[in-house]
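Asks: Next comes my_file29.txt, compact mmCIF, C-alpha atoms:
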```txt
# COMPACT_ATOMS: atom_id res chain seq x y z
CA THR A 30 30.67 126.78 204.00
CA LYS A 31 29.44 123.52 202.56
CA GLU A 32 28.24 120.32 204.13
CA LEU A 33 29.92 117.00 203.45
CA ASP A 34 28.49 113.86 204.98
CA GLY A 35 30.35 110.58 204.95
CA TYR A 36 29.84 106.97 205.82
CA LEU A 37 32.73 104.58 206.36
CA GLY A 38 32.23 100.87 205.92
CA LYS A 39 34.63 97.97 205.95
CA ASN A 40 35.28 98.11 202.20
CA TYR A 41 33.79 101.43 201.14
CA VAL A 42 33.44 105.15 201.75
CA VAL A 43 30.25 106.96 200.80
CA THR A 44 30.11 110.75 200.68
CA PHE A 45 27.03 112.87 200.23
CA HIS A 46 27.18 116.52 199.25
CA ARG A 47 24.99 118.96 197.37
CA GLU A 48 27.83 121.17 196.21
CA HIS A 49 31.14 120.59 194.45
CA PHE A 50 34.13 119.81 196.72
CA LEU A 51 37.62 120.40 195.37
CA SER A 52 39.02 118.00 197.97
CA LEU A 53 36.90 115.13 196.59
CA LYS A 54 37.92 115.99 193.05
CA LEU A 55 41.59 115.91 194.04
CA VAL A 56 41.22 112.55 195.78
CA LYS A 57 39.44 111.09 192.73
CA GLN A 58 42.25 112.31 190.48
CA HIS A 59 44.81 110.79 192.83
CA ILE A 60 42.98 107.45 192.85
CA ARG A 61 42.86 107.40 189.06
CA SER A 62 46.60 108.01 188.82
CA SER A 63 47.66 105.63 191.61
CA THR A 64 45.94 102.67 193.25
CA TYR A 65 47.97 103.08 196.46
CA SER A 66 45.12 104.74 198.39
CA ILE A 67 42.64 102.06 197.43
CA GLN A 68 45.02 99.25 198.36
CA ARG A 69 45.38 100.66 201.89
CA GLY A 70 41.64 100.37 202.52
CA SER A 71 38.56 102.46 203.00
CA ALA A 72 39.76 104.09 206.24
CA TYR A 73 42.87 105.36 204.46
CA LEU A 74 40.69 106.67 201.65
CA LEU A 75 38.60 108.59 204.21
CA HIS A 76 41.83 109.96 205.64
CA GLN A 77 42.80 111.17 202.15
CA ILE A 78 39.48 113.00 201.77
CA LEU A 79 39.75 114.65 205.17
CA ASP A 80 43.40 115.52 204.66
CA ARG A 81 42.67 117.28 201.37
CA LEU A 82 39.70 119.03 202.95
CA VAL A 83 41.85 120.40 205.77
CA ASP A 84 44.71 121.28 203.39
CA LEU A 85 42.33 123.55 201.50
CA TYR A 86 41.80 125.65 204.63
CA MET A 87 45.32 127.04 204.34
CA PRO A 88 44.61 129.35 201.36
CA VAL A 89 41.63 130.71 203.33
CA VAL A 90 43.83 131.30 206.36
CA ASP A 91 46.44 132.98 204.17
CA ASP A 92 43.75 135.26 202.71
CA PHE A 93 42.75 136.27 206.23
CA ASP A 94 46.35 137.16 207.00
CA ILE A 95 46.62 139.32 203.87
CA SER A 96 43.27 141.01 204.57
CA ILE A 97 44.24 141.80 208.16
CA ASN A 98 47.55 143.32 207.08
CA LYS A 99 45.89 145.44 204.38
CA LEU A 100 43.19 146.67 206.73
CA GLU A 101 45.76 147.48 209.39
CA ALA A 102 47.71 149.61 206.91
CA ARG A 103 44.53 151.39 205.81
CA VAL A 104 43.49 152.11 209.40
CA PHE A 105 46.81 153.78 210.18
CA GLN A 106 46.83 155.74 206.91
CA MET A 107 43.26 156.94 207.34
CA LYS A 108 42.97 160.70 206.76
CA LYS A 109 39.33 161.05 207.78
CA THR A 110 36.66 158.87 209.38
CA ASN A 111 35.79 156.04 207.03
CA ASN A 112 32.87 153.79 207.89
CA SER A 113 33.66 151.41 205.02
CA ILE A 114 36.81 150.29 206.86
CA LEU A 115 34.71 149.56 209.93
CA GLY A 116 32.35 147.47 207.78
CA GLU A 117 35.27 145.54 206.33
CA ILE A 118 36.67 144.90 209.80
CA MET A 119 33.31 143.59 210.97
CA ASP A 120 32.94 141.34 207.89
CA LEU A 121 36.41 139.94 208.45
CA ARG A 122 35.64 139.43 212.12
CA ARG A 123 32.52 137.41 211.24
CA SER A 124 34.42 135.32 208.69
CA VAL A 125 37.23 134.50 211.10
CA ALA A 126 34.72 133.65 213.83
CA ARG A 127 32.90 131.33 211.40
CA LEU A 128 36.16 129.54 210.55
CA LYS A 129 36.91 129.12 214.24
CA ARG A 130 33.42 127.76 214.91
CA ILE A 131 33.60 125.30 212.01
CA THR A 132 37.09 124.04 212.83
CA SER A 133 36.27 123.58 216.51
CA ARG A 134 33.37 121.27 215.60
CA GLN A 135 35.49 119.39 213.11
CA LEU A 136 38.24 119.01 215.70
CA GLU A 137 35.87 117.09 217.95
CA VAL A 138 35.02 114.65 215.17
CA LEU A 139 38.63 114.23 214.05
CA TYR A 140 39.73 113.69 217.63
CA ARG A 141 37.29 110.82 217.95
CA LEU A 142 38.35 109.40 214.57
CA SER A 143 42.04 109.64 215.46
CA HIS A 144 41.82 108.01 218.89
CA GLY A 145 40.36 104.65 218.02
CA GLU A 146 36.71 105.17 218.93
CA PHE A 147 35.54 103.57 215.70
CA PRO A 148 36.26 99.93 214.88
CA GLN A 149 36.16 100.66 211.13
CA ILE A 150 39.50 102.48 211.44
CA PRO A 151 42.40 100.07 211.98
CA ALA A 152 45.11 101.01 214.47
CA SER A 153 47.65 101.20 211.63
CA ILE A 154 45.68 104.09 210.05
CA LEU A 155 45.12 106.09 213.26
CA PRO A 156 48.41 108.03 212.97
CA PHE A 157 47.23 109.43 209.63
CA PHE A 158 44.03 110.70 211.24
CA ARG A 159 46.09 112.19 214.10
CA ASP A 160 48.13 114.06 211.52
CA VAL A 161 44.97 115.54 210.00
CA HIS A 162 43.75 116.42 213.50
CA ASP A 163 47.03 118.21 214.26
CA HIS A 164 46.84 120.10 210.97
CA LEU A 165 43.27 121.19 211.70
CA LEU A 166 44.32 122.17 215.22
CA ARG A 167 46.92 124.51 213.70
CA VAL A 168 44.26 126.05 211.45
CA SER A 169 41.95 126.47 214.43
CA ASP A 170 44.72 128.12 216.48
CA LEU A 171 45.48 130.49 213.61
CA ALA A 172 41.79 131.36 213.38
CA GLU A 173 41.80 132.11 217.11
CA ASN A 174 44.88 134.33 216.71
CA TYR A 175 43.30 136.12 213.76
CA ARG A 176 40.14 136.67 215.76
CA ASP A 177 42.25 138.40 218.41
CA LEU A 178 44.09 140.44 215.75
CA VAL A 179 40.84 141.57 214.15
CA GLY A 180 39.49 142.50 217.58
CA GLY A 181 42.63 144.56 218.15
CA LEU A 182 42.25 146.12 214.72
CA PHE A 183 38.70 147.12 215.63
CA GLU A 184 39.95 148.78 218.81
CA ILE A 185 42.75 150.54 216.93
CA HIS A 186 40.24 151.83 214.38
CA LEU A 187 38.08 153.24 217.16
CA ALA A 188 41.13 154.84 218.81
CA VAL A 189 42.20 156.46 215.52
CA VAL A 190 38.68 157.78 214.94
CA GLY A 191 38.62 159.08 218.53
CA ASN A 192 41.94 160.87 218.05
CA LYS A 193 40.75 162.48 214.82
CA THR A 194 37.56 163.58 216.56
CA ASN A 195 39.65 165.10 219.36
CA GLU A 196 41.75 167.00 216.81
CA VAL A 197 38.60 168.42 215.21
CA MET A 198 37.25 169.41 218.63
CA LYS A 199 40.53 171.20 219.45
CA THR A 200 40.34 173.10 216.18
CA LEU A 201 36.72 174.07 216.81
CA ALA A 202 37.47 175.12 220.39
```
Represent the supplied structure as structure tokens.
Replies:
Amino acid sequence: TKELDGYLGKNYVVTFHREHFLSLKLVKQHIRSSTYSIQRGSAYLLHQILDRLVDLYMPVVDDFDISINKLEARVFQMKKTNNSILGEIMDLRRSVARLKRITSRQLEVLYRLSHGEFPQIPASILPFFRDVHDHLLRVSDLAENYRDLVGGLFEIHLAVVGNKTNEVMKTLA
């Protein structure tokens, strides 16, 4: 996670960040190739930055989906108790929970931006901010679903380990 601070004025957008942001780089490249964003004003430019920022969540969400599917396959194919799988499940669980926590905070801010609470954002630009809010809401919902899936995966892992333990106990008895 990285922090991006921004300040929107009537004719400008200022961002402050200590680390590189791909979304800012993409917006700069877009501005250099087309003046359309600049002509629409500073609020539209802020929308562009936020839109690119939210768009870049999708590869992260896709990676979670792939990781969950791979872990699920490994849990069901497990021949003996494997604590490394449990560690991976817990790491994934923390990562998904972090995404959910981050997106829920960002949703609050985007909601306020998209519903006219700030006079710096003209009414004609509000639908663009609503679109970004909706997109982030989808990401947040996916994160919530993945959190449930990882929780289920954790329970399945424990059930598989319990079954294997029961088989060993039957053999020993």
Asks: Tell me which protein, DNA and RNA residues are within 10 Å of His46 in chain A, counting only C-alpha atoms, leaving out same-chain ones fewer than 5 positions away, and put them as a list in words.
Replies: Lys31, Glu32, Leu33, Asp34 and Gly35 of chain A
Asks: Of the residues A:Asp120, A:Asp163, A:Glu146, A:Glu48, which is the one nearest to Gly180 in chain A, using only C-alpha atoms?
Replies: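 Looking at the shortest contact to Gly180 in chain A, the residue is A:Asp120.
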Asks: Please identify all polymer residues lying at most 10 Å from the point (39.7, 122.2, 213.1) (file coordinates), using only C-alpha atoms, and present the result as an mmCIF file with C-alpha atoms, in the frame of the given file.
Replies:
```
data_model
loop_
_atom_site.group_PDB
_atom_site.id
_atom_site.type_symbol
_atom_site.label_atom_id
_atom_site.label_comp_id
_atom_site.auth_asym_id
_atom_site.auth_seq_id
_atom_site.Cartn_x
_atom_site.Cartn_y
_atom_site.Cartn_z
ATOM 1 C CA VAL A 83 41.850 120.400 205.770
ATOM 2 C CA TYR A 86 41.800 125.650 204.630
ATOM 3 C CA LEU A 128 36.160 129.540 210.550
ATOM 4 C CA LYS A 129 36.910 129.120 214.240
ATOM 5 C CA ARG A 130 33.420 127.760 214.910
ATOM 6 C CA ILE A 131 33.600 125.300 212.010
ATOM 7 C CA THR A 132 37.090 124.040 212.830
ATOM 8 C CA SER A 133 36.270 123.580 216.510
ATOM 9 C CA ARG A 134 33.370 121.270 215.600
ATOM 10 C CA GLN A 135 35.490 119.390 213.110
ATOM 11 C CA LEU A 136 38.240 119.010 215.700
ATOM 12 C CA GLU A 137 35.870 117.090 217.950
ATOM 13 C CA VAL A 138 35.020 114.650 215.170
ATOM 14 C CA LEU A 139 38.630 114.230 214.050
ATOM 15 C CA TYR A 140 39.730 113.690 217.630
ATOM 16 C CA VAL A 161 44.970 115.540 210.000
ATOM 17 C CA HIS A 162 43.750 116.420 213.500
ATOM 18 C CA ASP A 163 47.030 118.210 214.260
ATOM 19 C CA HIS A 164 46.840 120.100 210.970
ATOM 20 C CA LEU A 165 43.270 121.190 211.700
ATOM 21 C CA LEU A 166 44.320 122.170 215.220
ATOM 22 C CA ARG A 167 46.920 124.510 213.700
ATOM 23 C CA VAL A 168 44.260 126.050 211.450
ATOM 24 C CA SER A 169 41.950 126.470 214.430
ATOM 25 C CA ASP A 170 44.720 128.120 216.480
ATOM 26 C CA ALA A 172 41.790 131.360 213.380
#
```
Asks: Show which residues sit within 8 Å of range 66-77 of chain A, as a list of chain:residue names. Count only C-alpha atoms, and ignore same-chain residues fewer than 6 positions away.
Replies: A:Leu37, A:Gly38, A:Lys39, A:Asn40, A:Tyr41, A:Val42, A:Val56, A:Ile60, A:Gln149, A:Ile150, A:Pro151, A:Ile154, A:Phe157, A:Phe158, A:Val161
Asks: Closest to Ser143 in chain A among A:Ile185, A:Leu79, A:Val90, A:Leu55, using only C-alpha atoms?
Replies: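 Of A:Ile185, A:Leu79, A:Val90, A:Leu55, the one nearest Ser143 in chain A is A:Leu79, counting only C-alpha atoms.
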Asks: Select, from A:Leu100, A:Phe147, A:Arg122, A:Leu155, the residue with the minimum atom-to-atom distance to His186 in chain A, counting only C-alpha atoms.
Replies: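 Answer, going by the shortest atom-to-atom distance: A:Leu100.
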Asks: Using Å and a single decimal, report how far CA of Leu85 in chain A sits from CA of Glu101 in chain A.
Replies: 25.4 Å
Asks: Which residues come within 7 Å of Ile118 in chain A, counting all atoms listed in the file, excluding same-chain residues fewer than 3 positions away, as a PDB file with C-alpha atoms, in the coordinates of the input?
Replies:
```pdb
ATOM      1  CA  ILE A 114      36.810 150.290 206.860  1.00  0.00           C
ATOM      2  CA  LEU A 115      34.710 149.560 209.930  1.00  0.00           C
ATOM      3  CA  LEU A 121      36.410 139.940 208.450  1.00  0.00           C
ATOM      4  CA  ARG A 122      35.640 139.430 212.120  1.00  0.00           C
ATOM      5  CA  VAL A 179      40.840 141.570 214.150  1.00  0.00           C
ATOM      6  CA  PHE A 183      38.700 147.120 215.630  1.00  0.00           C
TER       7      PHE A 183
END
```
Asks: Could you state the separation of CA of Arg123 in chain A and CA of Lys99 in chain A in Å, given to one decimal place?
Replies: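 Interatomic distance here is 17.0 Å.
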Asks: Go ahead and compute the interatomic distance for CA of Met107 in chain A and CA of Asn195 in chain A, in Å to one decimal.
Replies: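 Interatomic distance, CA of Met107 in chain A to CA of Asn195 in chain A: 15.0 Å.
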Asks: Near Val189 in chain A, within 9 Å and counting all atoms listed in the file, which residues show up once chain neighbours fewer than 5 positions away are dropped, as a list of chain:residue names?
Replies: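 Contacts, in chain order: A:Val104, A:Phe105, A:Met107, A:Thr110, A:Glu184, A:Thr194.
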